[in-house]
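Have a look at input23.csv below; it lists CSV, C-alpha atoms and all ligand atoms.
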chain,number,residue,atom,x,y,z
A,47,MET,CA,-48.6,-134.1,-61.6
A,48,ALA,CA,-50.9,-131.7,-59.6
A,49,LYS,CA,-52.0,-133.1,-56.3
A,50,LYS,CA,-55.7,-134.2,-56.4
A,51,GLU,CA,-57.9,-132.1,-54.1
A,52,ASN,CA,-59.6,-133.8,-51.2
A,53,ASN,CA,-63.3,-132.8,-51.1
A,54,LEU,CA,-64.0,-134.5,-47.7
A,55,ASN,CA,-65.3,-131.4,-46.0
A,56,ALA,CA,-68.6,-131.6,-44.1
A,57,ASN,CA,-70.0,-128.5,-45.8
A,58,ASN,CA,-69.4,-129.7,-49.3
A,59,PRO,CA,-72.3,-131.0,-51.4
A,60,ILE,CA,-73.4,-134.6,-52.1
A,61,GLY,CA,-73.2,-135.4,-55.8
A,62,ILE,CA,-75.8,-137.8,-57.2
A,63,PHE,CA,-76.0,-139.0,-60.8
A,64,ASP,CA,-78.1,-141.2,-63.0
A,65,SER,CA,-78.7,-141.8,-66.7
A,66,GLY,CA,-81.5,-139.3,-66.6
A,67,ILE,CA,-84.1,-138.2,-64.1
A,68,GLY,CA,-85.0,-141.6,-62.5
A,69,GLY,CA,-82.3,-141.1,-59.9
A,70,LEU,CA,-84.3,-138.1,-58.6
A,71,THR,CA,-86.2,-140.7,-56.5
A,72,VAL,CA,-83.0,-141.3,-54.6
A,73,ALA,CA,-82.1,-137.6,-54.5
A,74,HIS,CA,-85.6,-136.9,-53.1
A,75,ALA,CA,-85.2,-139.6,-50.4
A,76,ILE,CA,-81.7,-138.1,-49.5
A,77,THR,CA,-83.1,-134.6,-49.2
A,78,LYS,CA,-85.8,-136.0,-46.8
A,79,ALA,CA,-83.3,-138.0,-44.7
A,80,LEU,CA,-80.7,-135.2,-44.7
A,81,PRO,CA,-82.6,-131.8,-45.2
A,82,ASN,CA,-79.5,-129.7,-44.5
A,83,GLU,CA,-77.3,-131.4,-47.1
A,84,LYS,CA,-76.7,-129.6,-50.4
A,85,ILE,CA,-77.3,-131.8,-53.5
A,86,ILE,CA,-75.7,-131.5,-56.9
A,87,TYR,CA,-77.6,-133.8,-59.2
A,88,PHE,CA,-76.5,-134.8,-62.7
A,89,GLY,CA,-78.8,-136.7,-65.1
A,90,ASP,CA,-77.1,-137.8,-68.3
A,91,THR,CA,-80.1,-137.3,-70.5
A,92,ALA,CA,-77.9,-137.1,-73.6
A,93,HIS,CA,-77.2,-140.8,-73.2
A,94,LEU,CA,-80.4,-142.1,-71.7
A,95,PRO,CA,-81.2,-145.0,-71.4
A,96,TYR,CA,-78.1,-146.6,-69.9
A,97,GLY,CA,-79.9,-150.0,-69.7
A,98,ASP,CA,-78.9,-151.0,-73.3
A,99,LYS,CA,-75.4,-149.5,-73.5
A,100,SER,CA,-72.1,-151.4,-73.4
A,101,PRO,CA,-70.1,-151.7,-70.1
A,102,ASP,CA,-67.3,-149.6,-71.7
A,103,SER,CA,-69.7,-146.8,-72.6
A,104,ILE,CA,-71.2,-146.7,-69.1
A,105,LYS,CA,-67.7,-146.6,-67.5
A,106,TYR,CA,-66.7,-143.8,-69.8
A,107,TYR,CA,-69.8,-141.7,-69.1
A,108,SER,CA,-69.6,-142.4,-65.4
A,109,ILE,CA,-66.0,-141.2,-65.1
A,110,ARG,CA,-66.7,-138.0,-66.9
A,111,ILE,CA,-69.7,-137.3,-64.6
A,112,ALA,CA,-67.6,-138.1,-61.5
A,113,GLN,CA,-65.0,-135.6,-62.8
A,114,LEU,CA,-67.7,-132.9,-63.0
A,115,LEU,CA,-69.0,-133.7,-59.5
A,116,LEU,CA,-65.5,-133.5,-58.1
A,117,GLN,CA,-65.0,-130.2,-59.8
A,118,LYS,CA,-68.2,-129.1,-58.0
A,119,LYS,CA,-66.5,-130.1,-54.7
A,120,CYS,CA,-68.7,-133.0,-53.9
A,121,LYS,CA,-67.7,-134.9,-50.7
A,122,MET,CA,-69.6,-137.9,-51.8
A,123,ILE,CA,-70.7,-139.3,-55.2
A,124,VAL,CA,-73.9,-141.4,-55.1
A,125,ILE,CA,-74.3,-143.5,-58.3
A,126,ALA,CA,-78.1,-143.4,-58.3
A,127,CYS,CA,-78.5,-145.8,-61.2
A,128,ASN,CA,-78.4,-149.5,-60.9
A,129,THR,CA,-76.9,-150.0,-64.4
A,130,ALA,CA,-74.0,-147.6,-63.7
A,131,SER,CA,-73.6,-149.1,-60.2
A,132,ALA,CA,-73.4,-152.6,-61.7
A,133,LEU,CA,-71.0,-151.7,-64.5
A,134,ALA,CA,-69.0,-148.8,-63.4
A,135,TYR,CA,-68.8,-148.6,-59.5
A,136,GLU,CA,-65.2,-150.0,-59.3
A,137,THR,CA,-64.0,-147.8,-62.1
A,138,VAL,CA,-65.5,-144.7,-60.5
A,139,LYS,CA,-64.1,-145.6,-57.2
A,140,ASP,CA,-60.6,-146.0,-58.6
A,141,PHE,CA,-60.9,-142.8,-60.5
A,142,VAL,CA,-62.1,-140.8,-57.4
A,143,GLY,CA,-59.6,-142.3,-55.0
A,144,ASN,CA,-59.6,-140.5,-51.7
A,145,GLN,CA,-61.0,-137.3,-53.1
A,146,ALA,CA,-64.6,-138.2,-52.1
A,147,LEU,CA,-66.7,-141.1,-50.9
A,148,VAL,CA,-68.4,-143.2,-53.6
A,149,VAL,CA,-71.7,-145.0,-52.9
A,150,ASN,CA,-73.5,-147.3,-55.3
A,151,VAL,CA,-77.2,-148.3,-55.0
A,152,ILE,CA,-76.6,-152.1,-55.0
A,153,ASP,CA,-74.7,-152.7,-51.8
A,154,PRO,CA,-77.2,-151.1,-49.4
A,155,VAL,CA,-80.1,-152.9,-51.0
A,156,VAL,CA,-78.3,-156.3,-50.9
A,157,GLU,CA,-77.6,-155.6,-47.2
A,158,GLU,CA,-81.2,-154.8,-46.5
A,159,VAL,CA,-82.7,-157.8,-48.4
A,160,THR,CA,-80.3,-160.4,-47.0
A,161,ASN,CA,-80.9,-159.1,-43.4
A,162,ALA,CA,-84.6,-159.6,-43.8
A,163,LYS,CA,-86.3,-162.5,-42.0
A,164,LYS,CA,-87.6,-165.6,-43.9
A,165,VAL,CA,-85.7,-164.8,-47.1
A,166,LYS,CA,-85.1,-167.7,-49.4
A,167,ARG,CA,-85.8,-166.8,-53.0
A,168,ILE,CA,-85.2,-163.2,-54.2
A,169,GLY,CA,-86.5,-161.8,-57.4
A,170,VAL,CA,-84.6,-158.9,-59.1
A,171,ILE,CA,-86.2,-156.7,-61.8
A,172,ALA,CA,-83.9,-154.4,-63.7
A,173,THR,CA,-82.6,-153.1,-67.0
A,174,LYS,CA,-80.9,-155.5,-69.4
A,175,GLY,CA,-77.5,-154.1,-68.4
A,176,THR,CA,-78.0,-154.7,-64.7
A,177,VAL,CA,-79.4,-158.2,-65.2
A,178,LYS,CA,-76.6,-159.1,-67.6
A,179,SER,CA,-73.9,-158.0,-65.1
A,180,ASP,CA,-75.4,-160.7,-62.7
A,181,LEU,CA,-74.0,-158.5,-59.8
A,182,TYR,CA,-77.1,-158.7,-57.6
A,183,ALA,CA,-76.9,-162.5,-57.6
A,184,GLN,CA,-73.2,-162.5,-57.0
A,185,LYS,CA,-73.4,-160.1,-54.1
A,186,ILE,CA,-76.4,-161.8,-52.5
A,187,LYS,CA,-74.7,-165.2,-52.8
A,188,ALA,CA,-71.5,-163.8,-51.3
A,189,VAL,CA,-73.5,-163.0,-48.2
A,190,ASN,CA,-75.4,-166.3,-48.2
A,191,GLU,CA,-74.8,-168.9,-50.8
A,192,LYS,CA,-78.0,-170.7,-50.0
A,193,LEU,CA,-80.2,-167.9,-51.2
A,194,ASP,CA,-81.8,-168.3,-54.6
A,195,VAL,CA,-81.8,-165.3,-57.0
A,196,ALA,CA,-84.0,-164.9,-60.0
A,197,SER,CA,-83.3,-161.9,-62.2
A,198,LEU,CA,-85.6,-160.6,-64.9
A,199,ALA,CA,-84.9,-157.8,-67.4
A,200,THR,CA,-87.9,-155.6,-67.6
A,201,PRO,CA,-86.9,-153.1,-70.4
A,202,LEU,CA,-90.3,-151.7,-71.1
A,203,LEU,CA,-90.7,-150.3,-67.6
A,204,VAL,CA,-88.3,-147.4,-67.8
A,205,GLY,CA,-89.8,-145.8,-70.9
A,206,MET,CA,-93.3,-146.5,-69.6
A,207,ILE,CA,-92.6,-144.6,-66.4
A,208,GLU,CA,-90.8,-141.7,-68.1
A,209,GLU,CA,-93.8,-141.3,-70.4
A,210,GLY,CA,-96.0,-141.0,-67.3
A,211,PHE,CA,-97.6,-144.4,-67.7
A,212,PHE,CA,-98.1,-145.6,-64.2
A,213,ASN,CA,-101.0,-146.3,-62.0
A,214,ASN,CA,-103.2,-146.9,-65.0
A,215,LYS,CA,-104.6,-149.8,-67.1
A,216,ILE,CA,-101.7,-150.0,-69.4
A,217,SER,CA,-99.0,-150.0,-66.7
A,218,ARG,CA,-100.9,-152.6,-64.7
A,219,THR,CA,-101.0,-154.9,-67.8
A,220,ILE,CA,-97.3,-154.6,-68.5
A,221,ILE,CA,-96.3,-155.0,-64.8
A,222,ASN,CA,-98.6,-158.0,-64.4
A,223,ASP,CA,-97.1,-159.6,-67.5
A,224,TYR,CA,-93.6,-159.3,-66.2
A,225,LEU,CA,-94.4,-160.3,-62.6
A,226,SER,CA,-96.3,-163.4,-63.7
A,227,ARG,CA,-93.3,-164.8,-65.7
A,228,PRO,CA,-92.3,-168.3,-64.5
A,229,LYS,CA,-88.8,-167.0,-63.7
A,230,LEU,CA,-90.2,-165.0,-60.8
A,231,SER,CA,-92.4,-167.8,-59.4
A,232,LYS,CA,-92.1,-168.6,-55.7
A,233,ILE,CA,-90.1,-165.5,-54.7
A,234,ASP,CA,-90.5,-164.2,-51.2
A,235,SER,CA,-88.6,-160.9,-51.8
A,236,LEU,CA,-88.4,-158.6,-54.9
A,237,ILE,CA,-85.7,-156.0,-55.5
A,238,LEU,CA,-86.8,-153.1,-57.6
A,239,ALA,CA,-83.3,-152.8,-59.1
A,240,CYS,CA,-83.8,-149.6,-61.1
A,241,THR,CA,-84.1,-146.1,-59.6
A,242,HIS,CA,-87.3,-145.5,-61.7
A,243,PHE,CA,-89.2,-148.2,-60.1
A,244,PRO,CA,-90.2,-146.6,-56.7
A,245,LEU,CA,-92.9,-144.9,-58.8
A,246,ILE,CA,-94.6,-148.3,-59.6
A,247,LYS,CA,-94.1,-149.8,-56.2
A,248,PRO,CA,-97.8,-149.3,-55.3
A,249,GLU,CA,-98.8,-151.4,-58.3
A,250,ILE,CA,-96.3,-154.1,-57.6
A,251,GLU,CA,-97.5,-154.2,-54.0
A,252,GLU,CA,-101.0,-154.5,-55.3
A,253,TYR,CA,-100.0,-157.4,-57.5
A,254,TYR,CA,-98.3,-159.4,-54.6
A,255,LYS,CA,-100.9,-158.4,-51.9
A,256,GLY,CA,-98.4,-158.4,-49.1
A,257,LYS,CA,-97.0,-161.9,-49.8
A,258,VAL,CA,-93.6,-160.6,-51.1
A,259,ASN,CA,-91.2,-158.2,-49.4
A,260,ILE,CA,-90.6,-155.4,-51.9
A,261,VAL,CA,-87.4,-153.5,-51.6
A,262,ASP,CA,-86.7,-150.3,-53.6
A,263,SER,CA,-83.4,-148.4,-53.4
A,264,ALA,CA,-84.5,-144.8,-52.6
A,265,GLY,CA,-85.1,-145.0,-48.8
A,266,VAL,CA,-82.5,-147.7,-48.2
A,267,VAL,CA,-79.8,-145.7,-50.0
A,268,ALA,CA,-80.8,-142.5,-48.2
A,269,LYS,CA,-80.4,-144.2,-44.8
A,270,TYR,CA,-77.0,-145.7,-45.9
A,271,VAL,CA,-75.8,-142.2,-47.0
A,272,HIS,CA,-76.9,-140.7,-43.7
A,273,ASP,CA,-75.1,-143.4,-41.7
A,274,LEU,CA,-71.9,-143.2,-43.7
A,275,LEU,CA,-71.7,-139.4,-43.5
A,276,LYS,CA,-72.3,-139.6,-39.8
A,277,LYS,CA,-69.7,-142.3,-39.3
A,278,LYS,CA,-67.2,-140.2,-41.2
A,279,LYS,CA,-68.1,-137.0,-39.3
A,280,LEU,CA,-69.1,-135.4,-42.6
A,281,LEU,CA,-72.7,-134.3,-41.9
A,282,THR,CA,-73.0,-130.6,-42.7
A,283,THR,CA,-73.4,-127.9,-40.0
A,284,GLN,CA,-75.1,-125.5,-42.4
A,285,LYS,CA,-78.7,-124.9,-43.2
A,286,ASN,CA,-81.0,-123.9,-46.1
A,287,PRO,CA,-79.1,-125.7,-48.9
A,288,GLN,CA,-79.4,-124.5,-52.5
A,289,HIS,CA,-79.5,-127.6,-54.6
A,290,HIS,CA,-78.6,-127.8,-58.3
A,291,PHE,CA,-80.0,-130.2,-60.8
A,292,TYR,CA,-78.0,-130.6,-64.0
A,293,VAL,CA,-78.7,-132.6,-67.2
A,294,SER,CA,-76.4,-133.1,-70.1
A,295,ASP,CA,-79.2,-132.4,-72.6
A,296,TYR,CA,-81.9,-130.0,-71.6
A,297,THR,CA,-85.5,-130.3,-72.9
A,298,LYS,CA,-88.7,-128.8,-71.5
A,299,SER,CA,-90.2,-132.3,-71.4
A,300,PHE,CA,-87.5,-133.6,-69.0
A,301,GLU,CA,-88.1,-130.6,-66.8
A,302,LYS,CA,-91.8,-131.3,-66.8
A,303,SER,CA,-91.2,-134.9,-65.8
A,304,THR,CA,-89.0,-134.1,-62.9
A,305,LYS,CA,-92.1,-133.4,-60.8
A,306,VAL,CA,-93.1,-137.1,-60.7
A,307,PHE,CA,-89.6,-138.2,-59.6
A,308,PHE,CA,-88.8,-135.4,-57.1
A,309,ARG,CA,-92.4,-134.8,-56.0
A,310,LYS,CA,-92.1,-131.2,-56.8
A,311,LYS,CA,-91.1,-129.2,-59.8
A,312,ILE,CA,-87.5,-128.4,-60.0
A,313,LYS,CA,-85.4,-126.2,-62.3
A,314,LEU,CA,-83.1,-128.1,-64.6
A,315,GLU,CA,-79.8,-126.5,-65.7
A,316,GLU,CA,-77.8,-127.8,-68.6
A,317,ALA,CA,-74.2,-128.9,-68.0
A,318,ALA,CA,-73.4,-129.8,-71.6
A,319,ILE,CA,-70.3,-132.0,-70.9
A,320,TRP,CA,-70.6,-133.9,-74.2
A,321,LYS,CA,-71.1,-131.0,-76.6
B,401,LIG,N1,-82.3,-145.5,-63.6
B,401,LIG,C1,-81.5,-146.5,-64.3
B,401,LIG,C2,-81.2,-147.7,-63.4
B,401,LIG,O1,-81.4,-147.6,-62.2
B,401,LIG,C3,-82.3,-147.1,-65.5
B,401,LIG,C4,-82.6,-146.2,-66.6
B,401,LIG,C5,-81.7,-146.5,-67.8
B,401,LIG,O2,-81.8,-147.5,-68.5
B,401,LIG,O3,-81.0,-145.5,-68.1
B,401,LIG,O4,-80.7,-148.7,-63.9
As structure tokens - that is how I would like this structure written.
Ligand code: DGL
Amino acid sequence: MAKKENNLNANNPIGIFDSGIGGLTVAHAITKALPNEKIIYFGDTAHLPYGDKSPDSIKYYSIRIAQLLLQKKCKMIVIACNTASALAYETVKDFVGNQALVVNVIDPVVEEVTNAKKVKRIGVIATKGTVKSDLYAQKIKAVNEKLDVASLATPLLVGMIEEGFFNNKISRTIINDYLSRPKLSKIDSLILACTHFPLIKPEIEEYYKGKVNIVDSAGVVAKYVHDLLKKKKLLTTQKNPQHHFYVSDYTKSFEKSTKVFFRKKIKLEEAAIWK
């Protein structure tokens, strides 16, 4: 069997993937924290949304995407999707072995929220797949079993955000309906456990009026990525990186929507790995 190539070279790119374009919130935060690093982004738009898919499908998709990112010489693979992080992180890690570092979006957020002062009851809003995995609760309780975790699936939010419905009357009504559910009562912290949700953070903050600590993955994961690359001496020495943003199924409407997630228009390329 051919020896697997090791991509752990500082000047190799960081691979980031998500079910679609929501993970661009994480990609954007990484480019801000690490402006010299080259990003290879892959959005699996052919299979969007991941939130309703079976664990076996998510594992299958994630491995094929990891394979693509390894072929593109990525030194690190960031699973910028909570659903894939919850259901496929261990599988991806096993598959990648020592060829590259693998980062999920759950561990850095769990670390952040459990380190906060005065935390007792933590709310988690996410896709059905992430909530069903129960991974946030398990990981939080592994740090501190006294912490109470209330997880609520909020499936309408992903489609709502992708269709550009945020910061308006309709989004406020849907967000308020979810956040006022008895399940989330008396929380002191709320994890936005979906990489689409940084876009509705202002509305969630408006709802809680500073009474709840709201944690989203983008900035937290970017800092984690920075610290890990620094620790492993894998920060690039080059400048002016040329990023690439791939999707498995290109449409003009996806390209148009990238602007809200990445805060500037980017060119999408198709990597039709399923066709
Ligand atoms: N961005 C994905 C996540 O963080 C959610 C979108 C989807 O259901 O595909 O879970």
Task: Separation of atom CA of A:Ile250 from atom CA of A:Tyr135 in Å - done: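 Atom-to-atom, atom CA of A:Tyr135 to atom CA of A:Ile250, that is 28.1 Å.
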TODO: Using all atoms listed in the file, find each residue with an atom at most 7 Å away from ligand LIG 401 (chain B) and format the answer as JSON, numbers by chain.
DONE: {"A": [64, 65, 66, 68, 69, 94, 95, 96, 97, 98, 126, 127, 128, 129, 130, 172, 173, 176, 204, 239, 240, 241, 242]}
- [ ] Identify the residues around (-81.8, -161.2, -46.7) within a radius of 12 Å, measuring from all atoms listed in the file in the coordinates stated by the file, and give them as a ChimeraX atom specification.
- [x] /A:154-169,185-195,234-237,259-261
Write the selection just made, keeping C-alpha atoms, as an mmCIF file, keeping the file's coordinate frame?
data_model
loop_
_atom_site.group_PDB
_atom_site.id
_atom_site.type_symbol
_atom_site.label_atom_id
_atom_site.label_comp_id
_atom_site.auth_asym_id
_atom_site.auth_seq_id
_atom_site.Cartn_x
_atom_site.Cartn_y
_atom_site.Cartn_z
ATOM 1 C CA PRO A 154 -77.200 -151.100 -49.400
ATOM 2 C CA VAL A 155 -80.100 -152.900 -51.000
ATOM 3 C CA VAL A 156 -78.300 -156.300 -50.900
ATOM 4 C CA GLU A 157 -77.600 -155.600 -47.200
ATOM 5 C CA GLU A 158 -81.200 -154.800 -46.500
ATOM 6 C CA VAL A 159 -82.700 -157.800 -48.400
ATOM 7 C CA THR A 160 -80.300 -160.400 -47.000
ATOM 8 C CA ASN A 161 -80.900 -159.100 -43.400
ATOM 9 C CA ALA A 162 -84.600 -159.600 -43.800
ATOM 10 C CA LYS A 163 -86.300 -162.500 -42.000
ATOM 11 C CA LYS A 164 -87.600 -165.600 -43.900
ATOM 12 C CA VAL A 165 -85.700 -164.800 -47.100
ATOM 13 C CA LYS A 166 -85.100 -167.700 -49.400
ATOM 14 C CA ARG A 167 -85.800 -166.800 -53.000
ATOM 15 C CA ILE A 168 -85.200 -163.200 -54.200
ATOM 16 C CA GLY A 169 -86.500 -161.800 -57.400
ATOM 17 C CA LYS A 185 -73.400 -160.100 -54.100
ATOM 18 C CA ILE A 186 -76.400 -161.800 -52.500
ATOM 19 C CA LYS A 187 -74.700 -165.200 -52.800
ATOM 20 C CA ALA A 188 -71.500 -163.800 -51.300
ATOM 21 C CA VAL A 189 -73.500 -163.000 -48.200
ATOM 22 C CA ASN A 190 -75.400 -166.300 -48.200
ATOM 23 C CA GLU A 191 -74.800 -168.900 -50.800
ATOM 24 C CA LYS A 192 -78.000 -170.700 -50.000
ATOM 25 C CA LEU A 193 -80.200 -167.900 -51.200
ATOM 26 C CA ASP A 194 -81.800 -168.300 -54.600
ATOM 27 C CA VAL A 195 -81.800 -165.300 -57.000
ATOM 28 C CA ASP A 234 -90.500 -164.200 -51.200
ATOM 29 C CA SER A 235 -88.600 -160.900 -51.800
ATOM 30 C CA LEU A 236 -88.400 -158.600 -54.900
ATOM 31 C CA ILE A 237 -85.700 -156.000 -55.500
ATOM 32 C CA ASN A 259 -91.200 -158.200 -49.400
ATOM 33 C CA ILE A 260 -90.600 -155.400 -51.900
ATOM 34 C CA VAL A 261 -87.400 -153.500 -51.600
#
- [ ] Mind checking which residues fall within 10 Å of A:Ile111, counting all atoms listed in the file, ignoring those fewer than 4 positions away in the same chain, and posting them as a list in words?
- [x]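 After dropping sequence-adjacent residues, the list is Gly61, Ile62, Phe63, Asp64, Phe88, Gly89, Asp90, Lys105, Tyr106, Tyr107, Leu115, Leu116, Gln117, Ile123, Ile125, Val138, Ser294 and Ile319 of chain A.
Comparing the minimum interatomic distances between A:Tyr224 and each of A:Ala75, A:Ala268, A:Ile60, A:Val170, counting all atoms listed in the file, we find that A:Val170 sits nearest.
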TODO: Within 10 Å of A:Lys276, counting all atoms listed in the file, which residues show up once you throw out same-chain ones fewer than 6 positions away? Write them as a PyMOL selection string, please.
DONE: chain A and resi 56+270+282
Open item on the list: Would you pick out the contacts of stretch 295-302 of chain A at 12 Å or less, using only C-alpha atoms, so that residues sharing its chain but fewer than 6 positions from it are not included, and give the list as a PyMOL selection string?
Closed with: chain A and resi 65-68+70+88-94+208-210+308-321
- [ ] Give as a PyMOL selection string the set of residues within 10 Å of the point (-82.0, -130.6, -44.1), where distances use the file's coordinates and all atoms listed in the file.
- [x] chain A and resi 76-84+282-287
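Minimum distance to A:Lys247 across A:Pro228, A:Gln288, A:Ile171, A:Lys277 (counting only C-alpha atoms) occurs at A:Ile171.
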- [ ] Kindly indicate which residue among A:Ile86, A:Leu133, A:Leu280, A:Leu147 lies nearest to A:Lys99, using only C-alpha atoms for the distances.
- [x] A:Leu133
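Computed from the coordinates, the atom CA of A:Asp140 to atom CA of A:Asp262 distance equals 26.9 Å.
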Open item on the list: Report, in Å with one decimal, the straight-line distance from atom CA of A:Ser231 to atom CA of A:Ser217.
Closed with: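 Here the two named atoms are 20.3 Å from each other.
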Open item on the list: For a quick check of understanding, using all atoms listed in the file, which of A:Tyr254, A:Phe211, A:Phe243, A:Phe307 has the smallest distance to A:Leu230?
Closed with: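 Checking each candidate against A:Leu230, we get A:Tyr254 as the closest.
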Task: Proximity to A:Thr304 - best of A:Val148, A:Met122, A:Ile207, A:Val271, only C-alpha atoms - done: A:Ile207
